[in-house]
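**Student:** Right, I'll just put the structure down here and ask away after.
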Amino acid sequence: DVKVTQSSRYLVKRTGEKVFLECVQDMDHENMFWYRQDPGLGLRLIYFSYDVKMKEKGDIPEGYSVSREKKERFSLILESASTNQTSMYLCASSFRRQGLGYTFGSGTRLTVV
Amino acid sequence: KNEVEQSPQNLTAQEGEFITINCSYSVGISALHWLQQHPGGGIVSLFMLSSGKKKHGRLIATINIQEKHSSLHITASHPRDSAVYICAVPYRSGGGADGLTFGKGTHLIIQP
């Protein structure tokens, strides 16, 4: 069964901490994405990557960075967590061609206190 | 950047009713996605379509590229269809390397 796996389902961190959210896919997808989902705002694109070591900003990259050192792994980094980054974070991946095979992870609910 | 409008935001219907959810977008696209999200967060891709119509069980998705409009229909609705349905299109026109931009979702409740 093909999968996008996010390392944590629930995470609680303190303001100012550096936070790493990990995502691994086993489908040999070129594209990987990080989104956040908030009530009333829906899903918004933070960053995406279409190849190893390549990244592009989405709608809301401020306060975040990403790392893609291997094709199967895409990490989202909160350099200094703040309370307004409390959210549900969803990772996704797809093939490069027209976004075929789009698959989501089950999400990480991050609370920053 | 593509903009997506989805309607209705909320829909409550009786079991067995025919359901229609609409989606409009602003920029020409290569493909449109319909997604389903159950309480608890998991998102499942229902359809990806670039023209015409697709059917999977009781779900039917249609798209009109010229009018930049898509609809998701559910026939013989059932309480297990209760979920949030989300329309999504490429973040920018063209290119599978883009992320998606999403509608705000339609919260569907099917009552027995």
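Identifiers in the structure tokens: chain A, B, ... in order shown; residue index from 1 per chain; ligand index from 1 in order shown.
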Applying 7 Å and only C-alpha atoms, which residues near Ile19 of chain B remain after dropping the ones on its own chain fewer than 5 positions away? List them as a ChimeraX atom specification.
**Tutor:** /B:73-75
**Student:** Include N, CA, C and O atoms and write out the residues we just selected as a JSON list (two decimals), in the first residue's frame.
**Tutor:**
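Output saved as selection.json:
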```
[["chain", "number", "residue", "atom", "x", "y", "z"],
["B", 73, "HIS", "N", -20.97, 15.26, -7.97],
["B", 73, "HIS", "CA", -22.31, 14.76, -7.67],
["B", 73, "HIS", "C", -22.20, 13.47, -6.87],
["B", 73, "HIS", "O", -21.31, 12.64, -7.11],
["B", 74, "ILE", "N", -23.12, 13.31, -5.94],
["B", 74, "ILE", "CA", -23.26, 12.05, -5.20],
["B", 74, "ILE", "C", -24.68, 11.56, -5.42],
["B", 74, "ILE", "O", -25.65, 12.27, -5.08],
["B", 75, "THR", "N", -24.81, 10.37, -5.98],
["B", 75, "THR", "CA", -26.15, 9.80, -6.16],
["B", 75, "THR", "C", -26.48, 8.89, -4.98],
["B", 75, "THR", "O", -25.58, 8.31, -4.35]]
```
**Student:** Would you give me, as a PyMOL selection string, the residues in chain B that DSSP reads as strand (DSSP E or B)?
**Tutor:** chain B and resi 4-7+10-14+19-25+32-37+43-49+52-56+59-64+69-74+83-90+100-102+106-111
**Student:** Neighbouring residues of Gly58 of chain A were defined as those with any atom within 9 Å, considering only C-alpha atoms; residues of the same chain fewer than 5 positions away were excluded. Please report them as a list in words.
**Tutor:**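 Everything that qualifies: Trp34, Tyr35, Arg44, Leu45, Ile46, Tyr47 and Phe48 of chain A; Tyr91 and Gly99 of chain B.
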**Student:** Atom CA of Thr15 of chain A to atom CA of Leu100 of chain B: how many Å, to one decimal?
**Tutor:**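 About the pair atom CA of Thr15 of chain A and atom CA of Leu100 of chain B: they are 29.5 Å apart.
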**Student:** Tell me as a ChimeraX atom specification which residues belonging to chain B come within 10 Å of chain A, counting only C-alpha atoms.
**Tutor:** /B:1,29-33,40-45,47-48,50,86,88,90-91,94-105
**Student:** Please extract the residues of chain A with a backbone DSSP assignment of helix (DSSP H, G or I) and present them as a ChimeraX atom specification.
**Tutor:** /A:83-85,97-99
**Student:** Would you mind exporting the chosen residues as a PDB file, in the first residue's frame, restricted to C-alpha atoms?
**Tutor:**
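The new file result-v3.pdb reads:
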```
ATOM      1  CA  THR A  83       1.745  30.441  18.787  1.00  0.00           C
ATOM      2  CA  ASN A  84       0.351  31.493  15.386  1.00  0.00           C
ATOM      3  CA  GLN A  85       1.973  28.395  13.909  1.00  0.00           C
ATOM      4  CA  ARG A  97       3.617  14.907 -14.702  1.00  0.00           C
ATOM      5  CA  GLN A  98       0.385  16.828 -14.095  1.00  0.00           C
ATOM      6  CA  GLY A  99       0.453  15.975 -10.418  1.00  0.00           C
TER       7      GLY A  99
END
```
**Student:** Return the single residue from A:Val66, A:Met27, A:Leu110, A:Leu21 that is closest to Ser87 of chain A, with distances computed using only C-alpha atoms.
**Tutor:** A:Leu110
**Student:** Can you tell me, as a PyMOL selection string, what residues are no more than 7 Å from Leu78 of chain A when counting only C-alpha atoms, ignoring any on the same chain fewer than 4 positions away?
**Tutor:** chain A and resi 18-20+63-65
**Student:** Could you list, as a list in words, every residue within 12 Å of Glu5 of chain B, counting only C-alpha atoms and ignoring same-chain residues fewer than 2 positions away?
**Tutor:** Gly42 of chain A; Asn2, Glu3, Ser7, Pro8, Gln9, Ile21, Asn22, Cys23, Ser24, Tyr25, Ser26, Val27, Lys68, His69, Ser70, Ser71, Ile86, Cys87, Ala88, Val89, Thr101, Phe102, Gly103, Lys104, Gly105 and Thr106 of chain B
**Student:** Please measure the separation of atom CA of Glu79 of chain A and atom CA of Lys55 of chain A, giving the value in Å to one decimal.
**Tutor:**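 Computed distance, atom CA of Glu79 of chain A to atom CA of Lys55 of chain A, equals 16.8 Å.
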**Student:** Tell me, in Å to one decimal, how far atom CA of Ser67 of chain A is from atom CA of Val113 of chain A.
**Tutor:**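 One can read the atom CA of Ser67 of chain A to atom CA of Val113 of chain A distance as 24.8 Å.
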